[in-house]
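Participant: File follows, my_file_14.pdb with PDB, C-alpha atoms:
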```pdb
ATOM      1  CA  MET M  10      93.586 101.824 124.675
ATOM      2  CA  ARG M  11      93.381 105.384 123.404
ATOM      3  CA  ASP M  12      92.091 105.917 119.892
ATOM      4  CA  LEU M  13      95.419 107.460 118.857
ATOM      5  CA  LEU M  14      97.237 104.268 119.832
ATOM      6  CA  ARG M  15      94.582 102.044 118.235
ATOM      7  CA  GLY M  16      94.953 103.686 114.822
ATOM      8  CA  TYR M  17      98.744 103.541 115.075
ATOM      9  CA  ALA M  18      98.627  99.880 116.123
ATOM     10  CA  VAL M  19      96.290  98.850 113.306
ATOM     11  CA  ALA M  20      98.569 100.436 110.701
ATOM     12  CA  THR M  21     101.694  98.870 112.233
ATOM     13  CA  LEU M  22     100.238  95.397 112.551
ATOM     14  CA  GLU M  23      98.689  95.409 109.078
ATOM     15  CA  SER M  24     102.053  96.415 107.619
ATOM     16  CA  ALA M  25     103.670  93.595 109.574
ATOM     17  CA  ALA M  26     101.069  91.152 108.259
ATOM     18  CA  ALA M  27     101.729  92.268 104.684
ATOM     19  CA  ALA M  28     105.433  91.555 105.264
ATOM     20  CA  GLU M  29     104.618  88.171 106.857
ATOM     21  CA  ARG M  30     105.879  89.334 110.263
ATOM     22  CA  ALA M  31     102.605  89.547 112.170
ATOM     23  CA  ARG M  32     103.255  86.422 114.250
ATOM     24  CA  GLY M  33     106.729  87.572 115.268
ATOM     25  CA  VAL M  34     105.411  90.976 116.338
ATOM     26  CA  ALA M  35     102.587  89.382 118.318
ATOM     27  CA  ASP M  36     104.995  87.014 120.083
ATOM     28  CA  ASP M  37     107.392  89.849 120.963
ATOM     29  CA  LEU M  38     104.563  91.981 122.346
ATOM     30  CA  ALA M  39     103.391  89.066 124.475
ATOM     31  CA  ALA M  40     106.936  88.468 125.762
ATOM     32  CA  PHE M  41     107.351  92.120 126.706
ATOM     33  CA  SER M  42     103.944  92.132 128.409
ATOM     34  CA  ARG M  43     105.017  89.191 130.573
ATOM     35  CA  ALA M  44     108.310  90.864 131.478
ATOM     36  CA  PHE M  45     106.475  94.103 132.258
ATOM     37  CA  ARG M  46     104.080  92.219 134.520
ATOM     38  CA  ASP M  47     106.770  90.190 136.323
ATOM     39  CA  SER M  48     109.612  92.750 136.627
ATOM     40  CA  GLU M  49     108.868  95.210 139.403
ATOM     41  CA  PRO M  50     111.670  97.663 138.394
ATOM     42  CA  LEU M  51     110.443  97.766 134.781
ATOM     43  CA  HIS M  52     106.813  98.132 135.815
ATOM     44  CA  SER M  53     107.658 100.901 138.290
ATOM     45  CA  VAL M  54     109.679 102.941 135.816
ATOM     46  CA  LEU M  55     107.235 102.744 132.912
ATOM     47  CA  THR M  56     104.249 103.702 135.074
ATOM     48  CA  ASP M  57     105.984 106.486 137.023
ATOM     49  CA  VAL M  58     104.499 109.857 135.997
ATOM     50  CA  ALA M  59     107.478 111.641 137.562
ATOM     51  CA  ILE M  60     109.866 110.174 134.973
ATOM     52  CA  PRO M  61     109.945 112.074 131.640
ATOM     53  CA  VAL M  62     108.332 110.199 128.784
ATOM     54  CA  THR M  63     111.517 110.488 126.711
ATOM     55  CA  ALA M  64     113.383 108.665 129.459
ATOM     56  CA  ARG M  65     110.766 105.916 129.672
ATOM     57  CA  ARG M  66     110.884 105.444 125.900
ATOM     58  CA  GLY M  67     114.667 105.232 126.148
ATOM     59  CA  VAL M  68     114.314 102.376 128.616
ATOM     60  CA  VAL M  69     112.065 100.525 126.155
ATOM     61  CA  HIS M  70     114.653 100.954 123.412
ATOM     62  CA  ASP M  71     117.530  99.790 125.639
ATOM     63  CA  LEU M  72     115.561  96.739 126.676
ATOM     64  CA  LEU M  73     114.312  95.683 123.240
ATOM     65  CA  GLU M  74     117.065  96.771 120.849
ATOM     66  CA  ALA M  75     118.188  93.754 118.825
ATOM     67  CA  LYS M  76     115.936  91.512 120.961
ATOM     68  CA  SER M  77     112.583  92.000 119.267
ATOM     69  CA  THR M  78     111.056  92.969 115.960
ATOM     70  CA  ALA M  79     111.276  96.670 115.163
ATOM     71  CA  GLN M  80     107.478  96.890 114.958
ATOM     72  CA  ALA M  81     107.039  95.523 118.477
ATOM     73  CA  GLU M  82     109.526  98.005 119.890
ATOM     74  CA  GLN M  83     107.870 100.868 118.004
ATOM     75  CA  LEU M  84     104.405  99.880 119.229
ATOM     76  CA  ILE M  85     105.498  99.729 122.849
ATOM     77  CA  SER M  86     107.399 102.999 122.538
ATOM     78  CA  TRP M  87     104.345 104.686 121.021
ATOM     79  CA  ALA M  88     102.147 103.305 123.799
ATOM     80  CA  VAL M  89     104.498 104.829 126.375
ATOM     81  CA  LEU M  90     104.318 108.139 124.507
ATOM     82  CA  VAL M  91     100.557 108.514 124.091
ATOM     83  CA  GLU M  92      99.041 106.573 126.989
ATOM     84  CA  PRO M  93      98.849 107.990 130.532
ATOM     85  CA  ALA M  94     101.455 106.139 132.590
ATOM     86  CA  ALA M  95      98.836 104.631 134.910
ATOM     87  CA  GLU M  96      96.916 103.212 131.947
ATOM     88  CA  LEU M  97      99.918 101.607 130.240
ATOM     89  CA  PRO M  98      99.287  98.096 131.686
ATOM     90  CA  ALA M  99      95.778  97.996 130.212
ATOM     91  CA  ALA M 100      96.979  99.415 126.891
ATOM     92  CA  LEU M 101      99.697  96.752 126.605
ATOM     93  CA  PHE M 102      97.128  94.042 127.319
ATOM     94  CA  GLU M 103      94.910  95.333 124.502
ATOM     95  CA  LEU M 104      97.892  95.605 122.152
ATOM     96  CA  VAL M 105      98.748  91.960 122.770
ATOM     97  CA  GLU M 106      95.148  90.947 122.048
ATOM     98  CA  LEU M 107      94.951  93.024 118.857
ATOM     99  CA  ALA M 108      98.303  91.714 117.609
ATOM    100  CA  GLY M 109      97.262  88.147 118.341
ATOM    101  CA  ASP M 110      94.016  88.554 116.420
ATOM    102  CA  ILE M 111      95.743  90.012 113.363
ATOM    103  CA  ALA M 112      98.483  87.360 113.484
ATOM    104  CA  GLU M 113      95.895  84.588 113.687
ATOM    105  CA  VAL M 114      94.093  85.880 110.600
ATOM    106  CA  ALA M 115      97.398  86.360 108.772
ATOM    107  CA  ASP M 116      98.489  82.813 109.648
ATOM    108  CA  ALA M 117      95.267  81.556 108.068
ATOM    109  CA  GLY M 118      95.910  83.590 104.934
ATOM    110  CA  GLY M 119      92.935  85.880 105.463
ATOM    111  CA  THR M 120      92.323  89.601 105.824
ATOM    112  CA  GLN M 121      91.531  91.178 109.171
ATOM    113  CA  ALA M 122      87.880  92.107 109.481
ATOM    114  CA  ILE M 123      86.948  95.639 110.504
ATOM    115  CA  GLY M 124      86.425  95.491 114.267
ATOM    116  CA  ALA M 125      83.372  97.045 115.880
ATOM    117  CA  GLU M 126      85.582  99.278 118.005
ATOM    118  CA  GLU M 127      86.915 100.909 114.844
ATOM    119  CA  VAL M 128      83.564 102.307 113.759
ATOM    120  CA  LEU M 129      82.257 103.607 117.084
ATOM    121  CA  GLY M 130      82.689 106.974 118.729
ATOM    122  CA  GLY M 131      82.206 110.601 117.877
ATOM    123  CA  ARG M 132      84.170 112.971 115.668
ATOM    124  CA  THR M 133      87.073 113.315 118.109
ATOM    125  CA  ALA M 134      87.522 109.560 118.500
ATOM    126  CA  VAL M 135      87.358 109.014 114.741
ATOM    127  CA  ARG M 136      89.952 111.668 114.031
ATOM    128  CA  GLU M 137      92.264 110.368 116.734
ATOM    129  CA  ARG M 138      92.170 106.916 115.147
ATOM    130  CA  ILE M 139      92.894 108.422 111.744
ATOM    131  CA  ARG M 140      95.739 110.517 113.155
ATOM    132  CA  GLY M 141      97.349 107.458 114.744
ATOM    133  CA  PHE M 142      97.033 105.472 111.513
ATOM    134  CA  ALA M 143      98.475 108.362 109.486
ATOM    135  CA  ASP M 144     101.347 108.904 111.931
ATOM    136  CA  ARG M 145     102.411 105.298 111.459
ATOM    137  CA  LEU M 146     102.216 105.395 107.668
ATOM    138  CA  PHE M 147     104.241 108.603 107.651
ATOM    139  CA  GLN M 148     106.853 106.953 109.877
ATOM    140  CA  GLU M 149     107.129 104.098 107.416
ATOM    141  CA  ALA M 150     107.848 106.525 104.567
ATOM    142  CA  ALA M 151     111.580 106.449 103.904
ATOM    143  CA  ARG M 152     111.791 109.824 102.152
ATOM    144  CA  ARG M 153     110.455 113.250 102.995
ATOM    145  CA  GLU M 154     109.397 113.544  99.353
ATOM    146  CA  SER M 155     106.972 110.657  99.945
ATOM    147  CA  ILE M 156     105.156 112.798 102.501
ATOM    148  CA  ASP M 157     104.755 115.535  99.876
ATOM    149  CA  GLU M 158     103.264 112.953  97.532
ATOM    150  CA  HIS M 159     100.855 111.741 100.224
ATOM    151  CA  GLU M 160      99.629 115.282 100.773
ATOM    152  CA  ASN M 161      99.146 115.968  97.055
ATOM    153  CA  GLU M 162      97.394 112.657  96.450
ATOM    154  CA  VAL M 163      94.980 113.089  99.353
ATOM    155  CA  VAL M 164      94.186 116.638  98.205
ATOM    156  CA  ARG M 165      93.440 115.390  94.682
ATOM    157  CA  PHE M 166      91.185 112.646  96.019
ATOM    158  CA  SER M 167      89.328 115.101  98.263
ATOM    159  CA  ARG M 168      88.650 117.312  95.226
ATOM    160  CA  ILE M 169      87.319 114.335  93.272
ATOM    161  CA  VAL M 170      84.950 113.484  96.125
ATOM    162  CA  ALA M 171      83.888 117.130  96.457
ATOM    163  CA  ALA M 172      83.121 117.371  92.732
ATOM    164  CA  ASN M 173      81.211 114.070  92.482
ATOM    165  CA  ARG M 174      77.985 114.239  94.491
ATOM    166  CA  GLU M 175      76.986 110.644  93.757
ATOM    167  CA  LEU M 176      80.358 109.283  94.855
ATOM    168  CA  ARG M 177      80.255 111.396  97.999
ATOM    169  CA  GLN M 178      76.820 110.079  98.907
ATOM    170  CA  VAL M 179      77.885 106.473  98.426
ATOM    171  CA  LEU M 180      81.038 106.844 100.512
ATOM    172  CA  THR M 181      79.244 108.579 103.389
ATOM    173  CA  ASP M 182      76.117 106.407 103.435
ATOM    174  CA  PRO M 183      76.037 104.713 106.880
ATOM    175  CA  ASN M 184      73.567 102.129 105.570
ATOM    176  CA  ARG M 185      76.151 100.719 103.169
ATOM    177  CA  PRO M 186      78.573  98.197 104.731
ATOM    178  CA  VAL M 187      81.929  99.751 105.547
ATOM    179  CA  GLY M 188      83.719  96.910 103.749
ATOM    180  CA  LEU M 189      81.982  97.726 100.467
ATOM    181  CA  ARG M 190      82.842 101.416 100.729
ATOM    182  CA  VAL M 191      86.459 100.592 101.566
ATOM    183  CA  THR M 192      86.637  98.295  98.532
ATOM    184  CA  LEU M 193      85.243 101.065  96.328
ATOM    185  CA  VAL M 194      87.941 103.494  97.474
ATOM    186  CA  ALA M 195      90.629 100.858  96.939
ATOM    187  CA  ASP M 196      89.397 100.210  93.393
ATOM    188  CA  LEU M 197      89.253 103.940  92.611
ATOM    189  CA  LEU M 198      92.795 104.598  93.797
ATOM    190  CA  GLN M 199      94.568 101.412  92.718
ATOM    191  CA  GLY M 200      97.585 102.235  90.591
ATOM    192  CA  LYS M 201      96.894 105.977  90.782
ATOM    193  CA  VAL M 202      98.432 106.810  94.162
ATOM    194  CA  GLN M 203     101.058 105.404  96.494
ATOM    195  CA  PRO M 204      99.819 102.242  98.254
ATOM    196  CA  ALA M 205     100.118 104.018 101.605
ATOM    197  CA  THR M 206      97.868 106.843 100.382
ATOM    198  CA  ALA M 207      95.231 104.312  99.332
ATOM    199  CA  ARG M 208      95.469 102.656 102.747
ATOM    200  CA  LEU M 209      95.078 106.009 104.462
ATOM    201  CA  ALA M 210      92.064 107.019 102.376
ATOM    202  CA  ALA M 211      90.425 103.666 103.080
ATOM    203  CA  TYR M 212      91.080 103.966 106.801
ATOM    204  CA  VAL M 213      89.241 107.289 106.861
ATOM    205  CA  LEU M 214      86.129 105.181 106.217
ATOM    206  CA  ARG M 215      87.152 102.333 108.516
ATOM    207  CA  ALA M 216      87.828 104.630 111.479
ATOM    208  CA  GLY M 217      84.166 105.496 111.909
ATOM    209  CA  HIS M 218      81.263 107.286 110.287
ATOM    210  CA  VAL M 219      82.530 110.507 108.700
ATOM    211  CA  ARG M 220      79.805 113.062 107.963
ATOM    212  CA  ASP M 221      82.119 115.580 106.309
ATOM    213  CA  LEU M 222      84.289 113.311 104.184
ATOM    214  CA  VAL M 223      85.802 116.123 102.124
ATOM    215  CA  GLY M 224      86.696 118.111 105.232
ATOM    216  CA  THR M 225      88.228 115.044 106.855
ATOM    217  CA  LEU M 226      90.348 114.294 103.784
ATOM    218  CA  GLU M 227      91.552 117.902 103.747
ATOM    219  CA  TRP M 228      92.438 117.531 107.421
ATOM    220  CA  VAL M 229      94.418 114.377 106.603
ATOM    221  CA  ALA M 230      96.335 116.324 103.954
ATOM    222  CA  ALA M 231      97.143 118.892 106.639
ATOM    223  CA  LEU M 232      98.549 116.078 108.799
ATOM    224  CA  ALA M 233     100.979 115.279 105.988
ATOM    225  CA  ALA M 234     102.032 118.920 105.892
ATOM    226  CA  GLU M 235     102.692 118.801 109.649
ATOM    227  CA  GLU M 236     104.741 115.660 109.187
ATOM    228  CA  ARG M 237     107.029 117.425 106.727
ATOM    229  CA  GLY M 238     107.967 119.792 109.533
ATOM    230  CA  ARG M 239     108.816 116.860 111.789
ATOM    231  CA  ARG M 240     111.188 115.527 109.155
ATOM    232  CA  VAL M 241     113.627 118.406 109.725
ATOM    233  CA  ALA M 242     115.730 118.636 112.895
ATOM    234  CA  ASN M 243     117.067 122.134 113.561
ATOM    235  CA  VAL M 244     120.110 121.730 115.793
ATOM    236  CA  ARG M 245     121.779 124.559 117.688
ATOM    237  CA  SER M 246     125.213 123.542 118.930
ATOM    238  CA  ALA M 247     127.805 125.458 120.917
ATOM    239  CA  VAL M 248     130.547 124.036 118.690
ATOM    240  CA  GLY M 249     130.780 122.490 115.244
ATOM    241  CA  LEU M 250     130.185 118.760 114.796
ATOM    242  CA  ASP M 251     132.690 116.489 113.121
ATOM    243  CA  ASP M 252     131.564 113.675 110.821
ATOM    244  CA  SER M 253     131.360 111.022 113.542
ATOM    245  CA  GLU M 254     129.400 113.319 115.875
ATOM    246  CA  TYR M 255     127.032 114.241 113.064
ATOM    247  CA  GLN M 256     126.459 110.575 112.269
ATOM    248  CA  ARG M 257     125.806 109.658 115.908
ATOM    249  CA  LEU M 258     123.379 112.548 116.236
ATOM    250  CA  THR M 259     121.570 111.462 113.079
ATOM    251  CA  VAL M 260     121.191 107.896 114.341
ATOM    252  CA  ALA M 261     119.957 109.078 117.752
ATOM    253  CA  LEU M 262     117.395 111.513 116.356
ATOM    254  CA  GLU M 263     116.067 109.069 113.779
ATOM    255  CA  ARG M 264     115.709 106.449 116.486
ATOM    256  CA  TRP M 265     113.813 108.949 118.640
ATOM    257  CA  ALA M 266     111.600 110.209 115.811
ATOM    258  CA  GLY M 267     110.931 106.778 114.343
ATOM    259  CA  HIS M 268     111.738 107.886 110.794
ATOM    260  CA  PRO M 269     114.544 109.509 108.773
ATOM    261  CA  VAL M 270     115.234 113.167 109.549
ATOM    262  CA  GLU M 271     117.151 115.907 107.785
ATOM    263  CA  ILE M 272     119.561 117.632 110.199
ATOM    264  CA  ARG M 273     120.387 121.324 109.907
ATOM    265  CA  VAL M 274     123.099 122.526 112.279
ATOM    266  CA  GLN M 275     123.520 126.109 113.442
ATOM    267  CA  ILE M 276     126.497 127.113 115.588
ATOM    268  CA  ASP M 277     125.369 129.105 118.615
ATOM    269  CA  PRO M 278     128.232 129.977 121.039
ATOM    270  CA  ALA M 279     125.699 131.515 123.424
ATOM    271  CA  LEU M 280     124.696 128.001 124.460
ATOM    272  CA  MET M 281     128.136 127.638 126.092
ATOM    273  CA  GLY M 282     127.861 123.850 125.925
ATOM    274  CA  GLY M 283     125.722 121.025 124.642
ATOM    275  CA  MET M 284     123.023 121.488 122.037
ATOM    276  CA  ALA M 285     119.319 122.117 121.541
ATOM    277  CA  VAL M 286     117.255 120.270 118.946
ATOM    278  CA  ALA M 287     113.886 121.311 117.533
ATOM    279  CA  ILE M 288     111.829 118.792 115.517
ATOM    280  CA  GLY M 289     108.472 120.289 114.664
ATOM    281  CA  ASP M 290     107.010 121.520 117.950
ATOM    282  CA  THR M 291     109.273 119.292 120.047
ATOM    283  CA  ILE M 292     112.365 120.676 121.801
ATOM    284  CA  ILE M 293     115.088 118.346 123.055
ATOM    285  CA  ASP M 294     117.902 119.721 125.190
ATOM    286  CA  GLY M 295     120.953 118.266 126.888
ATOM    287  CA  SER M 296     119.165 117.890 130.197
ATOM    288  CA  VAL M 297     116.967 115.189 128.711
ATOM    289  CA  ARG M 298     120.017 113.138 127.862
ATOM    290  CA  ARG M 299     121.512 113.585 131.341
ATOM    291  CA  ARG M 300     118.292 112.480 133.014
ATOM    292  CA  LEU M 301     118.117 109.461 130.736
ATOM    293  CA  ASP M 302     121.716 108.503 131.525
ATOM    294  CA  ARG M 303     121.059 108.706 135.260
ATOM    295  CA  LEU M 304     117.912 106.635 134.875
ATOM    296  CA  ARG M 305     119.720 103.945 132.905
ATOM    297  CA  GLU M 306     122.369 103.681 135.628
ATOM    298  CA  THR M 307     119.828 103.257 138.406
ATOM    299  CA  LEU M 308     117.391 100.994 136.562
ATOM    300  CA  ALA M 309     119.938  98.434 135.306
ATOM    301  CA  PRO M 310     117.605  97.215 132.527
ATOM    302  CA  SER M 311     119.729  94.117 132.006
ATOM    303  CA  ASN M 312     117.843  92.561 134.931
ATOM    304  CA  ALA M 313     114.510  93.161 133.217
ATOM    305  CA  SER M 314     116.002  91.934 129.959
ATOM    306  CA  GLN M 315     116.993  88.667 131.583
ATOM    307  CA  ALA M 316     113.453  88.298 132.913
ATOM    308  CA  MET M 317     112.061  88.828 129.441
ATOM    309  CA  ASP M 318     114.495  86.423 127.801
ATOM    310  CA  SER M 319     113.715  83.685 130.325
ATOM    311  CA  ARG M 320     110.020  83.808 129.421
ATOM    312  CA  ARG M 321     110.236  83.783 125.623
TER     313      ARG M 321
END
```
Once more with this new file: its structure as structure tokens, please.

Facilitator:
Amino acid sequence: MRDLLRGYAVATLESAAAAERARGVADDLAAFSRAFRDSEPLHSVLTDVAIPVTARRGVVHDLLEAKSTAQAEQLISWAVLVEPAAELPAALFELVELAGDIAEVADAGGTQAIGAEEVLGGRTAVRERIRGFADRLFQEAARRESIDEHENEVVRFSRIVAANRELRQVLTDPNRPVGLRVTLVADLLQGKVQPATARLAAYVLRAGHVRDLVGTLEWVAALAAEERGRRVANVRSAVGLDDSEYQRLTVALERWAGHPVEIRVQIDPALMGGMAVAIGDTIIDGSVRRRLDRLRETLAPSNASQAMDSRR
């Protein structure tokens, strides 16, 4: 499992545990893993590098919509997005194991221990885990204004750490147990920031040994700034959209992005037909939709869905 997916999965599963849904998510992931293993059409499509990733994620949505917990669908969709297609089977296996471990601890009323795999690796691995964790927390934010608050709160905390040499030494001391340093951060931030900001700051320590804590926190604040850009969808359309078209577009883009988006429409007759959508650095054009429609017709995911249902 890539570090980006691991961080995202930890955040998703811990949120599910807090909402008492960890067992349901774990069961749904296990059911999908069995269907993926036993359905040759599903396995072939999701591991085919020739099929665009947006189309493969669309298949996941069609298969799981209204049949699994939202967190399970989002985890599988994210795995399809960030994992190389050939490595997806192994990533799904690890997701099922991780979800099962967290669900087992949640069922017993405990708190998941910090796994050894979360504190190993170099600077790149650590930052990838943090990025995945942050991406998930940002997705869970219902309002774009919350992202602004995350950025401001992380910046303020980074300045506190930068100004307090003793605190900085304690938080970056590899000889102190990670759990104690995480608890210290939680105590410092309790009631002073959004709960998600406190979780994010704590995960910076959990993700691995950070030599430059201030620089890493500033980098996390920059991630929040990037996320604000992904909250706006700039749409160029050949013709104006009526209310029903606007609503359908909103639902489709929010489903694709995994969080609420603000849509800004610009009429561009030069397009001659269809529309182009820009969300952050991502461009979506009509051809993506046409390829997805053709794929859905040929795949007939209802067969895979029946296989999944029969094994739950």

Participant: Quick one: which residues end up in the PyMOL selection byres ((chain M and resi 16) around 10) for this structure, as a list of chain:residue names?

Facilitator: M:Arg11, M:Asp12, M:Leu13, M:Leu14, M:Arg15, M:Tyr17, M:Ala18, M:Val19, M:Ala20, M:Thr21, M:Glu127, M:Val135, M:Arg136, M:Glu137, M:Arg138, M:Ile139, M:Arg140, M:Gly141, M:Phe142, M:Ala143, M:Asp144, M:Arg145, M:Tyr212, M:Ala216

Participant: Using only C-alpha atoms, which protein or nucleic acid residues come within 8 Å of segment 26-41 of chain M? Drop anything in the same chain fewer than 4 positions from it, and give the result as a PDB file with C-alpha atoms, keeping the file's coordinate frame.

Facilitator:
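So part-v4.pdb came out as:
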```pdb
ATOM      1  CA  LEU M  22     100.238  95.397 112.551  1.00  0.00           C
ATOM      2  CA  PHE M  45     106.475  94.103 132.258  1.00  0.00           C
ATOM      3  CA  SER M  77     112.583  92.000 119.267  1.00  0.00           C
ATOM      4  CA  THR M  78     111.056  92.969 115.960  1.00  0.00           C
ATOM      5  CA  GLN M  80     107.478  96.890 114.958  1.00  0.00           C
ATOM      6  CA  ALA M  81     107.039  95.523 118.477  1.00  0.00           C
ATOM      7  CA  ILE M  85     105.498  99.729 122.849  1.00  0.00           C
ATOM      8  CA  LEU M 104      97.892  95.605 122.152  1.00  0.00           C
ATOM      9  CA  VAL M 105      98.748  91.960 122.770  1.00  0.00           C
ATOM     10  CA  ALA M 108      98.303  91.714 117.609  1.00  0.00           C
ATOM     11  CA  GLY M 109      97.262  88.147 118.341  1.00  0.00           C
ATOM     12  CA  ILE M 111      95.743  90.012 113.363  1.00  0.00           C
ATOM     13  CA  ALA M 112      98.483  87.360 113.484  1.00  0.00           C
ATOM     14  CA  GLU M 113      95.895  84.588 113.687  1.00  0.00           C
ATOM     15  CA  ALA M 115      97.398  86.360 108.772  1.00  0.00           C
ATOM     16  CA  ASP M 116      98.489  82.813 109.648  1.00  0.00           C
ATOM     17  CA  MET M 317     112.061  88.828 129.441  1.00  0.00           C
ATOM     18  CA  ARG M 320     110.020  83.808 129.421  1.00  0.00           C
ATOM     19  CA  ARG M 321     110.236  83.783 125.623  1.00  0.00           C
TER      20      ARG M 321
END
```

Participant: Just the number, please: distance in Å from atom CA of Pro183 of chain M to atom CA of Ala134 of chain M, one decimal.

Facilitator: 17.0 Å

Participant: Padding of 6 Å on every side, edges along x, y and z, all listed atoms of segment 241-258 of chain M included: what centre and edge lengths in Å, to one decimal, does that box have, as AutoDock Vina command-line options?

Facilitator:
```
--center_x 123.2 --center_y 117.6 --center_z 115.3 --size_x 31.1 --size_y 27.8 --size_z 23.2
```

Participant: Expressed in Å to a single decimal, how great is the separation between atom CA of Asp182 of chain M and atom CA of Ser167 of chain M?

Facilitator: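 Those two atoms sit 16.6 Å apart.
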
Participant: Can you tell me which residues surround segment 224-234 of chain M at a distance of at most 10 Å, considering only C-alpha atoms, apart from same-chain residues fewer than 4 positions away, and format the answer as number ranges by chain?

Facilitator: M: 132, 135-136, 139-140, 143-144, 147, 155-168, 170-171, 209-210, 213, 219-220, 238-239

Participant: With only C-alpha atoms counted and 12 Å as the cut-off, give the residues of segment 55-131 of chain M in contact with segment 250-265 of chain M, each with its shortest interatomic distance in Å and the pair that gives it, as a Markdown table.

Facilitator:
```
| residue | atom | partner | partner_atom | distance |
| --- | --- | --- | --- | --- |
| M:Val62 | CA | M:Trp265 | CA | 11.6 |
| M:Thr63 | CA | M:Trp265 | CA | 8.5 |
| M:Ala64 | CA | M:Trp265 | CA | 10.8 |
| M:Arg65 | CA | M:Trp265 | CA | 11.8 |
| M:Arg66 | CA | M:Trp265 | CA | 8.6 |
| M:Gly67 | CA | M:Trp265 | CA | 8.4 |
| M:Val68 | CA | M:Trp265 | CA | 12.0 |
| M:Val69 | CA | M:Trp265 | CA | 11.4 |
| M:His70 | CA | M:Arg264 | CA | 8.9 |
| M:Asp71 | CA | M:Arg264 | CA | 11.5 |
| M:Glu74 | CA | M:Arg264 | CA | 10.7 |
| M:Ala79 | CA | M:Arg264 | CA | 10.8 |
| M:Glu82 | CA | M:Arg264 | CA | 11.0 |
| M:Gln83 | CA | M:Arg264 | CA | 9.7 |
| M:Ser86 | CA | M:Trp265 | CA | 9.6 |
| M:Trp87 | CA | M:Trp265 | CA | 10.7 |
| M:Leu90 | CA | M:Trp265 | CA | 11.2 |
```

Participant: Can you give me, as a list of chain:residue names, the residues this file yields under the PyMOL selection byres ((chain M and resi 191-199) around 10)?

Facilitator: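 Selected by the PyMOL selection byres ((chain M and resi 191-199) around 10) here: M:Glu162, M:Phe166, M:Leu176, M:Val179, M:Leu180, M:Pro186, M:Val187, M:Gly188, M:Leu189, M:Arg190, M:Gly200, M:Lys201, M:Val202, M:Gln203, M:Pro204, M:Thr206, M:Ala207, M:Arg208, M:Ala210, M:Ala211, M:Tyr212, M:Val213, M:Leu214, M:Arg215.
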
Participant: Just the number, please: distance in Å from atom CA of Ala242 of chain M to atom CA of Gln275 of chain M, one decimal.

Facilitator: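 These two atoms are separated by 10.8 Å.
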
Participant: For Glu92 of chain M, which of M:Ala117, M:Pro278, M:Asn184, M:Thr56 is the closest residue, counting only C-alpha atoms?

Facilitator: M:Thr56
